[in-house]
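Trainee: Before we start, here is the structure in question, set down as structure tokens.
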Amino acid sequence: MRLLLAHANTTTAVTELCAASARAAAAPGTEIVPATPRFGPAIISSRAENAIAAHGLLECLAEHHAGCDAAILAVSYDTALAAARQLLPIPVIGMTEAACLAACLAGGRFGLVTFSSADLYREVIAGHGLASRLSGIALVAASPYDAASDPDGVAEKVASAAVGRAREGADSVLLGGAALAGMGGRIQPHVPVPLIDGIAAAVKFAEGLVALKLPKPGIGGFAAPAGRASVGLAAPLGDMLARR
């Protein structure tokens, strides 16, 4: 089984961090294929950057999905998830969507710890129909770049924030942000509720969907577009819109 791990930021160090977390979660025989967009924001932290990143991510998926059995969006805003599901002939999993669904299976309400953009996360979770399950969001005084340069310091802050979420009623805590991929294992002993890594959860859901062998919808909102004209798009993306 081959899983395409498509990042939406253009910071390759974060792509590699997500790929390492995905490989650690993958079953034997599952190959992780990481990909970074050709263009877009270095790190998404606003609605404008998220909109720009959607184009770069769709282009990346169109270029790299061939030969893969499913795709994982390694971006915590689940950027372009609905569009990617419509466009691609394989299952597509968003990392925060997967984390939310895993958290629902682990308990009642879940919290989220992240660096910034609490409003965007609330919108993403509401879009998945799970706003009532979110107990709250904690922001840590750090950035994705700090997670690379000072991983121990950021881990301590994330653990403290997760403990706070647990004490305020969260049955589990999501680690929001691709730059936090893989951190859960090192800080879990210090947090009294489960920590949910969106990349790891997405890998397991993707493996399950591939095993179910569900067909691509032929009609409805997620049927693939066809015969659509476009101007200026990279060839792989333009070809997917124009297919007949």
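A note on labels: chains of the structure tokens are A, B, ... as shown, every chain counts residues from 1, and ligands are counted from 1 in their shown order.
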Excluding Ala6 in chain A and any residue of its chain fewer than 2 positions from it, enumerate the residues within 10 Å of it, using only C-alpha atoms, and give them as JSON, numbers by chain.
Mentor: {"A": [3, 4, 8, 9, 15, 18, 19, 33, 34, 35, 36, 37, 57, 58, 60, 61, 64, 65, 71, 72, 73, 74, 75]}
Trainee: Can you list every residue in range 20-128 of chain A that DSSP puts in helix (DSSP H, G or I), as an NGL selection string?
Mentor: :A and (20-25 or 47-64 or 81-87 or 95-106 or 118-127)
Trainee: Asp146 in chain A: which residues within 12 Å, counting only C-alpha atoms, same-chain residues fewer than 6 positions away excluded, as number ranges by chain?
Mentor: A: 14, 115, 140, 152-155, 157-158, 179-180
Trainee: Let's have the selection written as a PDB file, in the first residue's frame, with N, CA, C and O atoms.
Mentor:
```
ATOM      1  N   VAL A  14       9.016  20.636   7.640  1.00  0.00           N
ATOM      2  CA  VAL A  14       7.770  20.183   8.257  1.00  0.00           C
ATOM      3  C   VAL A  14       7.210  18.979   7.501  1.00  0.00           C
ATOM      4  O   VAL A  14       6.665  18.052   8.102  1.00  0.00           O
ATOM      5  N   PHE A 115      -0.521  26.519  17.942  1.00  0.00           N
ATOM      6  CA  PHE A 115       0.294  27.729  18.019  1.00  0.00           C
ATOM      7  C   PHE A 115      -0.524  29.003  17.844  1.00  0.00           C
ATOM      8  O   PHE A 115      -0.268  30.007  18.493  1.00  0.00           O
ATOM      9  N   VAL A 140      -0.213  27.993  22.567  1.00  0.00           N
ATOM     10  CA  VAL A 140       1.088  28.039  23.235  1.00  0.00           C
ATOM     11  C   VAL A 140       1.910  29.189  22.662  1.00  0.00           C
ATOM     12  O   VAL A 140       1.769  29.541  21.497  1.00  0.00           O
ATOM     13  N   ASP A 152      12.492  20.701  22.762  1.00  0.00           N
ATOM     14  CA  ASP A 152      12.256  20.402  24.174  1.00  0.00           C
ATOM     15  C   ASP A 152      11.437  21.505  24.838  1.00  0.00           C
ATOM     16  O   ASP A 152      10.502  21.226  25.606  1.00  0.00           O
ATOM     17  N   GLY A 153      11.788  22.757  24.533  1.00  0.00           N
ATOM     18  CA  GLY A 153      11.051  23.873  25.112  1.00  0.00           C
ATOM     19  C   GLY A 153       9.608  23.899  24.648  1.00  0.00           C
ATOM     20  O   GLY A 153       8.687  24.131  25.452  1.00  0.00           O
ATOM     21  N   VAL A 154       9.376  23.651  23.368  1.00  0.00           N
ATOM     22  CA  VAL A 154       8.017  23.642  22.839  1.00  0.00           C
ATOM     23  C   VAL A 154       7.243  22.453  23.401  1.00  0.00           C
ATOM     24  O   VAL A 154       6.064  22.581  23.755  1.00  0.00           O
ATOM     25  N   ALA A 155       7.889  21.300  23.517  1.00  0.00           N
ATOM     26  CA  ALA A 155       7.222  20.118  24.071  1.00  0.00           C
ATOM     27  C   ALA A 155       6.730  20.390  25.491  1.00  0.00           C
ATOM     28  O   ALA A 155       5.622  19.985  25.872  1.00  0.00           O
ATOM     29  N   LYS A 157       5.886  23.301  26.778  1.00  0.00           N
ATOM     30  CA  LYS A 157       4.735  24.206  26.698  1.00  0.00           C
ATOM     31  C   LYS A 157       3.477  23.471  26.231  1.00  0.00           C
ATOM     32  O   LYS A 157       2.377  23.698  26.752  1.00  0.00           O
ATOM     33  N   VAL A 158       3.632  22.607  25.242  1.00  0.00           N
ATOM     34  CA  VAL A 158       2.480  21.854  24.722  1.00  0.00           C
ATOM     35  C   VAL A 158       1.932  20.913  25.786  1.00  0.00           C
ATOM     36  O   VAL A 158       0.712  20.812  25.977  1.00  0.00           O
ATOM     37  N   ALA A 179       3.508  20.859  12.489  1.00  0.00           N
ATOM     38  CA  ALA A 179       4.812  20.928  13.154  1.00  0.00           C
ATOM     39  C   ALA A 179       4.836  20.186  14.481  1.00  0.00           C
ATOM     40  O   ALA A 179       5.913  19.952  15.041  1.00  0.00           O
ATOM     41  N   LEU A 180       3.663  19.799  15.005  1.00  0.00           N
ATOM     42  CA  LEU A 180       3.596  19.016  16.244  1.00  0.00           C
ATOM     43  C   LEU A 180       3.525  17.514  15.973  1.00  0.00           C
ATOM     44  O   LEU A 180       3.414  16.726  16.916  1.00  0.00           O
TER      45      LEU A 180
END
```
Trainee: Taking the DSSP assignment computed from this structure's backbone, write out as a list of chain:residue names all residues of range 97-223 of chain A that belong to strand (DSSP E or B).
Mentor: A:Phe110, A:Gly111, A:Leu112, A:Val113, A:Thr114, A:Leu134, A:Ser135, A:Gly136, A:Ile137, A:Ala138, A:Leu139, A:Ser172, A:Val173, A:Leu174, A:Leu175, A:Leu195, A:Ile196, A:Asp197
Trainee: Just checking: using only C-alpha atoms, which residue out of A:Thr96, A:Ser117, A:Ser46, A:Gln86 ends up closest to Ala201 in chain A?
Mentor: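 So, comparing all the options, the nearest one is A:Thr96.
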Trainee: Using CA of Ala22 in chain A and CA of Arg2 in chain A as the two end points, give the distance in Å to one decimal.
Mentor: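 Atom-to-atom, CA of Ala22 in chain A to CA of Arg2 in chain A, that is 11.7 Å.
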Trainee: Extract, using only C-alpha atoms, all DNA, RNA and protein residues at most 9 Å from Val124 in chain A, discarding same-chain residues fewer than 6 positions from it, and format them as a ChimeraX atom specification.
Mentor: /A:76-78,96-97,131
Trainee: Selected residues, C-alpha atoms, written as an mmCIF file, in the first residue's frame, please.
Mentor:
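That gives us part-v8.cif:
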```
data_model
loop_
_atom_site.group_PDB
_atom_site.id
_atom_site.type_symbol
_atom_site.label_atom_id
_atom_site.label_comp_id
_atom_site.auth_asym_id
_atom_site.auth_seq_id
_atom_site.Cartn_x
_atom_site.Cartn_y
_atom_site.Cartn_z
ATOM 1 C CA SER A 76 -3.944 20.979 10.114
ATOM 2 C CA TYR A 77 -6.563 23.245 8.488
ATOM 3 C CA ASP A 78 -7.577 20.328 6.229
ATOM 4 C CA THR A 96 -7.465 17.253 11.662
ATOM 5 C CA GLU A 97 -10.583 15.469 10.450
ATOM 6 C CA ALA A 131 -18.180 21.836 17.196
#
```
Trainee: Between A:Arg23, A:Arg85, A:Arg38, A:Arg109, which residue has the minimum interatomic distance to Phe222 in chain A, considering only C-alpha atoms?
Mentor: A:Arg85
Trainee: Calculated over only C-alpha atoms, which of the candidates A:Ile90, A:Ala48, A:Leu5, A:Ala25 has the smallest distance to Lys216 in chain A?
Mentor: A:Ile90
Trainee: Determine, counting only C-alpha atoms, which protein, DNA and RNA residues have an atom within 10 Å of an atom of Ala51 in chain A; residues of the same chain fewer than 6 positions away are not included. Present the result as a VMD selection string.
Mentor: chain A and resid 40 to 41 44 79 to 80
Trainee: To one decimal in Å, tell me the separation between CA of Arg228 in chain A and CA of Glu123 in chain A.
Mentor: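 Result for CA of Arg228 in chain A versus CA of Glu123 in chain A: 29.6 Å, one decimal.
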Trainee: For Leu81 in chain A, please output as an MDAnalysis selection string all residues within 8 Å (counting only C-alpha atoms; exclusion window: fewer than 5 positions along the same chain).
Mentor: chainID A and resid 73 92:94
Trainee: Write the selection just made, keeping N, CA and C atoms, as a PDB file, in the first residue's frame?
Mentor:
```pdb
ATOM      1  N   LEU A  73      -3.762  14.663   3.723  1.00  0.00           N
ATOM      2  CA  LEU A  73      -3.427  16.082   3.693  1.00  0.00           C
ATOM      3  C   LEU A  73      -2.709  16.420   4.993  1.00  0.00           C
ATOM      4  N   VAL A  92      -9.150  10.437   0.241  1.00  0.00           N
ATOM      5  CA  VAL A  92      -8.367  11.558   0.757  1.00  0.00           C
ATOM      6  C   VAL A  92      -8.769  11.802   2.201  1.00  0.00           C
ATOM      7  N   ILE A  93      -7.777  11.874   3.090  1.00  0.00           N
ATOM      8  CA  ILE A  93      -8.007  12.043   4.527  1.00  0.00           C
ATOM      9  C   ILE A  93      -7.344  13.334   4.994  1.00  0.00           C
ATOM     10  N   GLY A  94      -8.077  14.161   5.715  1.00  0.00           N
ATOM     11  CA  GLY A  94      -7.501  15.345   6.336  1.00  0.00           C
ATOM     12  C   GLY A  94      -6.978  15.010   7.724  1.00  0.00           C
TER      13      GLY A  94
END
```
Trainee: Check the smallest atom-to-atom distance from each of A:Met95, A:His55, A:Thr114, A:Ala178 to Thr12 in chain A using only C-alpha atoms, then report the winner.
Mentor: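 Under the stated criterion, the closest residue is A:Ala178.
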